[in-house]
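So the structure is just underneath, and the comments pick up after that.
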Amino acid sequence: MYPSQANYFLCGLRKELPAGILTEYLLDRFGIFIKDLSGKKGIPGDGWVRIAVRNRADNDILIGKLRILEEEFAGENSWGRAMKGGGKK
């Protein structure tokens with residue numbers, strides 16, 4: 001994560017979790033939109049997202065959903081494979 005002076009922050013992801021997969025998962029499963037920065041000028045690779053800083057309640061919801069994601073796919077060899085059908089609903 002990089003320091004920010006705006007209401008969002010840039011977050012690097014683990015290499016086994018591409019930004020597009022995480023973005024799609026959060027939107028499809030929870031209706032949460034984060035920005036996939038894959039292919040953007042100045043962004044290396046596909047492991048970066050931009051997340052808006054909102055109010056405390058919204059931020060707590062996002063953190064909770066990311067914890068669910070981590071619990072559901074703990075031990076998976078491929079996040080992409082897991083999110084395309086192997087995760088709990």
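Going through the structure tokens in order, the chains are called A, B, and so on, while each chain numbers its residues from 1 and the ligands are numbered from 1 in the order shown.
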List the neighbours of Asp36 in chain A out to 10 Å using only C-alpha atoms; skip same-chain residues closer than 6 positions along the sequence, and give me the result as a ChimeraX atom specification.
/A:18-24,46-51
Those selected residues, please, written with N, CA and C atoms and delivered as a short mmCIF file (atom, residue, chain, number, x, y, z; two decimals), in the first residue's frame.
```cif
data_model
loop_
_atom_site.label_atom_id
_atom_site.label_comp_id
_atom_site.auth_asym_id
_atom_site.auth_seq_id
_atom_site.Cartn_x
_atom_site.Cartn_y
_atom_site.Cartn_z
N PRO A 18 -4.90 -12.07 -9.07
CA PRO A 18 -4.93 -10.95 -10.01
C PRO A 18 -6.02 -9.94 -9.65
N ALA A 19 -5.75 -8.69 -9.94
CA ALA A 19 -6.69 -7.62 -9.61
C ALA A 19 -8.05 -7.83 -10.26
N GLY A 20 -8.07 -8.29 -11.49
CA GLY A 20 -9.34 -8.51 -12.19
C GLY A 20 -10.22 -9.53 -11.49
N ILE A 21 -9.60 -10.57 -10.98
CA ILE A 21 -10.34 -11.62 -10.27
C ILE A 21 -10.94 -11.07 -8.98
N LEU A 22 -10.13 -10.35 -8.21
CA LEU A 22 -10.62 -9.77 -6.95
C LEU A 22 -11.74 -8.77 -7.22
N THR A 23 -11.54 -7.91 -8.22
CA THR A 23 -12.54 -6.90 -8.55
C THR A 23 -13.86 -7.56 -8.93
N GLU A 24 -13.80 -8.56 -9.78
CA GLU A 24 -15.01 -9.28 -10.20
C GLU A 24 -15.69 -9.99 -9.02
N ASP A 46 -0.54 -7.00 -13.14
CA ASP A 46 -1.98 -7.03 -12.91
C ASP A 46 -2.34 -7.22 -11.44
N GLY A 47 -1.45 -6.84 -10.56
CA GLY A 47 -1.68 -7.06 -9.14
C GLY A 47 -1.95 -5.81 -8.32
N TRP A 48 -2.63 -4.83 -8.94
CA TRP A 48 -2.87 -3.57 -8.23
C TRP A 48 -4.33 -3.16 -8.36
N VAL A 49 -4.88 -2.65 -7.25
CA VAL A 49 -6.24 -2.11 -7.24
C VAL A 49 -6.23 -0.76 -6.55
N ARG A 50 -7.26 0.02 -6.85
CA ARG A 50 -7.47 1.29 -6.15
C ARG A 50 -8.75 1.15 -5.35
N ILE A 51 -8.67 1.47 -4.08
CA ILE A 51 -9.81 1.33 -3.18
C ILE A 51 -10.13 2.69 -2.59
#
```
Let's see if you can do this: from backbone DSSP, list all helix (DSSP H, G or I) residues in range 15-69 of chain A, as an mmCIF file with N, CA and C atoms, in the first residue's frame.
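Written output follows (selection-v3.cif):
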```cif
data_model
loop_
_atom_site.group_PDB
_atom_site.id
_atom_site.type_symbol
_atom_site.label_atom_id
_atom_site.label_comp_id
_atom_site.auth_asym_id
_atom_site.auth_seq_id
_atom_site.Cartn_x
_atom_site.Cartn_y
_atom_site.Cartn_z
ATOM 1 N N ALA A 19 -5.753 -8.692 -9.939
ATOM 2 C CA ALA A 19 -6.688 -7.617 -9.608
ATOM 3 C C ALA A 19 -8.050 -7.825 -10.257
ATOM 4 N N GLY A 20 -8.071 -8.287 -11.493
ATOM 5 C CA GLY A 20 -9.343 -8.506 -12.188
ATOM 6 C C GLY A 20 -10.222 -9.532 -11.493
ATOM 7 N N ILE A 21 -9.600 -10.572 -10.981
ATOM 8 C CA ILE A 21 -10.341 -11.625 -10.275
ATOM 9 C C ILE A 21 -10.935 -11.068 -8.984
ATOM 10 N N LEU A 22 -10.127 -10.347 -8.215
ATOM 11 C CA LEU A 22 -10.619 -9.772 -6.953
ATOM 12 C C LEU A 22 -11.736 -8.769 -7.219
ATOM 13 N N THR A 23 -11.541 -7.909 -8.217
ATOM 14 C CA THR A 23 -12.539 -6.899 -8.554
ATOM 15 C C THR A 23 -13.864 -7.560 -8.927
ATOM 16 N N GLU A 24 -13.803 -8.563 -9.777
ATOM 17 C CA GLU A 24 -15.015 -9.281 -10.203
ATOM 18 C C GLU A 24 -15.689 -9.986 -9.023
ATOM 19 N N TYR A 25 -14.900 -10.622 -8.195
ATOM 20 C CA TYR A 25 -15.428 -11.347 -7.037
ATOM 21 C C TYR A 25 -16.174 -10.406 -6.086
ATOM 22 N N LEU A 26 -15.550 -9.294 -5.709
ATOM 23 C CA LEU A 26 -16.183 -8.375 -4.761
ATOM 24 C C LEU A 26 -17.463 -7.772 -5.339
ATOM 25 N N LEU A 27 -17.453 -7.459 -6.637
ATOM 26 C CA LEU A 27 -18.645 -6.879 -7.250
ATOM 27 C C LEU A 27 -19.765 -7.915 -7.376
ATOM 28 N N ASP A 28 -19.437 -9.088 -7.897
ATOM 29 C CA ASP A 28 -20.457 -10.127 -8.091
ATOM 30 C C ASP A 28 -21.020 -10.655 -6.786
ATOM 31 N N ARG A 29 -20.160 -10.862 -5.823
ATOM 32 C CA ARG A 29 -20.573 -11.511 -4.572
ATOM 33 C C ARG A 29 -21.179 -10.538 -3.566
ATOM 34 N N PHE A 30 -20.638 -9.312 -3.504
ATOM 35 C CA PHE A 30 -21.042 -8.393 -2.436
ATOM 36 C C PHE A 30 -21.499 -7.019 -2.926
ATOM 37 N N ARG A 56 -16.479 5.177 7.902
ATOM 38 C CA ARG A 56 -16.010 4.050 8.713
ATOM 39 C C ARG A 56 -16.855 2.795 8.503
ATOM 40 N N ALA A 57 -18.167 2.950 8.430
ATOM 41 C CA ALA A 57 -19.051 1.791 8.255
ATOM 42 C C ALA A 57 -18.767 1.078 6.930
ATOM 43 N N ASP A 58 -18.627 1.836 5.831
ATOM 44 C CA ASP A 58 -18.328 1.226 4.533
ATOM 45 C C ASP A 58 -16.960 0.561 4.537
ATOM 46 N N ASN A 59 -15.977 1.205 5.147
ATOM 47 C CA ASN A 59 -14.635 0.621 5.226
ATOM 48 C C ASN A 59 -14.655 -0.675 6.032
ATOM 49 N N ASP A 60 -15.418 -0.702 7.123
ATOM 50 C CA ASP A 60 -15.527 -1.918 7.935
ATOM 51 C C ASP A 60 -16.185 -3.049 7.150
ATOM 52 N N ILE A 61 -17.178 -2.709 6.316
ATOM 53 C CA ILE A 61 -17.829 -3.723 5.473
ATOM 54 C C ILE A 61 -16.810 -4.317 4.508
ATOM 55 N N LEU A 62 -16.037 -3.470 3.845
ATOM 56 C CA LEU A 62 -15.025 -3.960 2.905
ATOM 57 C C LEU A 62 -14.027 -4.865 3.610
ATOM 58 N N ILE A 63 -13.546 -4.446 4.741
ATOM 59 C CA ILE A 63 -12.583 -5.264 5.495
ATOM 60 C C ILE A 63 -13.206 -6.611 5.860
ATOM 61 N N GLY A 64 -14.446 -6.597 6.290
ATOM 62 C CA GLY A 64 -15.138 -7.846 6.626
ATOM 63 C C GLY A 64 -15.256 -8.783 5.436
ATOM 64 N N LYS A 65 -15.575 -8.238 4.265
ATOM 65 C CA LYS A 65 -15.711 -9.062 3.054
ATOM 66 C C LYS A 65 -14.358 -9.610 2.616
ATOM 67 N N LEU A 66 -13.311 -8.828 2.766
ATOM 68 C CA LEU A 66 -11.978 -9.331 2.436
ATOM 69 C C LEU A 66 -11.566 -10.449 3.389
ATOM 70 N N ARG A 67 -11.987 -10.366 4.631
ATOM 71 C CA ARG A 67 -11.704 -11.450 5.589
ATOM 72 C C ARG A 67 -12.459 -12.718 5.207
ATOM 73 N N ILE A 68 -13.697 -12.562 4.746
ATOM 74 C CA ILE A 68 -14.470 -13.720 4.276
ATOM 75 C C ILE A 68 -13.744 -14.366 3.105
ATOM 76 N N LEU A 69 -13.292 -13.563 2.173
ATOM 77 C CA LEU A 69 -12.555 -14.069 1.018
ATOM 78 C C LEU A 69 -11.340 -14.865 1.472
#
```
